[in-house]
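I have placed the structure first, in the form of structure tokens, so that the comments after it can refer back to it.
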Amino acid sequence: MTKSTNDTSDRQTSRRTFLQLGTTAVAATALGYSTTGLGAASSRDTYKIREGTPDETEVVVIDSGSSGPTAVVVGGMHGNEPAGYKAAERMSEWSIDRGTLVLIPKSNPVAIEKDTYSNEKGNLNRQFPPGKTPSTPLARAIWGVITDHDADLVFNLHSSQGIYKENVGPDGVGQAIYPTTVKGARGNATKAAKYVNENYLGDRKDYYRFKRGNLIDGTRPLLIHKVDADLHKPGFIVETTRYETDLETRVNWTLHVVAYLLDQYSIRDVSGSSGGSGGDSNDTTDSDGSSSDDSSSDDSGSDDSSSGDGDSGNNSSDASDSDDSSSDDSTGSDGSRAMGPKAPTNRSGWS
């Protein structure tokens, strides 16, 4: 069934505890997923946001029919970063047997069509001020998808011209996973980086190893910052690098990262044949999906106070071609806060 709407009303919402990932049509069979499409109990619905405008784009909702969490995946915020939106498109073929998976594969269709970083209203990922209403109609529509579906977990998929904290190639924020400050997100990002490094880098140079990036602490007007500040939910910016990599490699890295992170929030292959995500059998996960070893040493070698916010740039509004990670997103914190209720729209200290 296809559903079209131009506002944030009338959208399917479901309550959730655990998500389960089933099948995918991606070239990622090493994960153990089959390519048979949606399972018998799953439904796939679509609707449109910003219908009748240049921003019109599709939202895909995969509903398992069973209670579980809702994960929202946003791709294509920057039109010249195709790995994110192509990965999200492939995720629309995944099957789940608990909860709901909501995807906005091409969140910035004007920029995607033009193959540009921004649209005519500027950098879409600078239009989500914490504690305030998003500043453009498209940003408000995207945020409406997240809140109307009552998301428990949010991903924003990007790629960068360079590599985070490496002295090769152009400056950038790629090959990193940037978590919110919610309890467990930091540890899960670290484990996801370790998993992909051990299983999917092949004979690539060490500087392609994924790292956990700095914590996303709700201090800047980016989508995942707003998730942290306003919703207090797990969120992740996933950044691959475009430096001497091909598109298919970046897409598959993105899919493996997202699949592993969903696994940390109790996702399982519906066929039972994937053998899990390949994570360390000594790692444990709390009932809320948080990692119990969140304070353990960080295999990724990242530093919470380092610069970079997991938001690559190619324009002068926030980064030039030579500086892909222009601003400091340090949190000053070495911990993470517990998941809590949604914050009021206007939080203390914000105008």
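Labeling convention for the structure tokens: chains A, B, ... as they appear, residues from 1 per chain, ligands from 1 in order of appearance.
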DSSP-assigned helix (DSSP H, G or I) among range 82-280 of chain A, expressed as a PyMOL selection string: chain A and resi 82-91+109-114+124-126+137-148+185-200+206-208+223-231+247-264
Selection near Ala111 in chain A, 10 Å with only C-alpha atoms, sequence-local residues under 4 positions removed, as a list in words: Asp55, Gly76, Met77, His78, Gly79, Asn80, Glu81, Lys106, Ser107, Asp115, Thr116, Tyr117, Ser118, Asn119, Glu120, Gly122, Asn123 and Leu124 of chain A
Store the residues picked out above in a file with N, CA and C atoms, as a compact mmCIF listing (two decimals), in the first residue's frame.
# COMPACT_ATOMS: atom_id res chain seq x y z
N ASP A 55 10.91 19.25 -2.87
CA ASP A 55 11.46 18.42 -1.81
C ASP A 55 10.76 17.08 -1.66
N GLY A 76 20.99 10.50 2.37
CA GLY A 76 20.90 11.51 1.32
C GLY A 76 20.72 12.93 1.77
N MET A 77 21.12 13.28 2.97
CA MET A 77 21.03 14.69 3.38
C MET A 77 21.92 15.56 2.52
N HIS A 78 23.05 15.02 2.10
CA HIS A 78 23.97 15.73 1.22
C HIS A 78 23.99 15.00 -0.12
N GLY A 79 23.63 15.71 -1.16
CA GLY A 79 23.38 15.07 -2.44
C GLY A 79 24.58 14.48 -3.13
N ASN A 80 25.78 14.91 -2.73
CA ASN A 80 26.99 14.36 -3.34
C ASN A 80 27.62 13.27 -2.48
N GLU A 81 26.80 12.65 -1.62
CA GLU A 81 27.25 11.54 -0.79
C GLU A 81 26.34 10.34 -1.04
N LYS A 106 16.19 9.17 0.41
CA LYS A 106 16.64 10.37 -0.29
C LYS A 106 16.02 11.60 0.38
N SER A 107 16.58 11.95 1.53
CA SER A 107 15.97 13.01 2.34
C SER A 107 16.12 14.39 1.72
N ASP A 115 23.42 16.58 -7.58
CA ASP A 115 24.71 16.05 -7.13
C ASP A 115 25.50 17.14 -6.42
N THR A 116 24.83 17.86 -5.52
CA THR A 116 25.45 18.93 -4.76
C THR A 116 25.33 18.65 -3.27
N TYR A 117 26.20 19.27 -2.51
CA TYR A 117 26.20 19.09 -1.06
C TYR A 117 24.92 19.62 -0.43
N SER A 118 24.47 20.79 -0.87
CA SER A 118 23.32 21.47 -0.28
C SER A 118 22.24 21.73 -1.32
N ASN A 119 21.06 22.09 -0.84
CA ASN A 119 20.02 22.60 -1.74
C ASN A 119 19.99 24.12 -1.64
N GLU A 120 18.97 24.73 -2.23
CA GLU A 120 18.96 26.20 -2.29
C GLU A 120 18.79 26.84 -0.91
N GLY A 122 20.54 25.82 1.69
CA GLY A 122 21.76 25.59 2.44
C GLY A 122 21.91 24.16 2.91
N ASN A 123 22.76 23.96 3.89
CA ASN A 123 23.09 22.65 4.42
C ASN A 123 21.91 22.12 5.23
N LEU A 124 21.25 21.09 4.72
CA LEU A 124 20.10 20.53 5.41
C LEU A 124 20.45 20.06 6.82
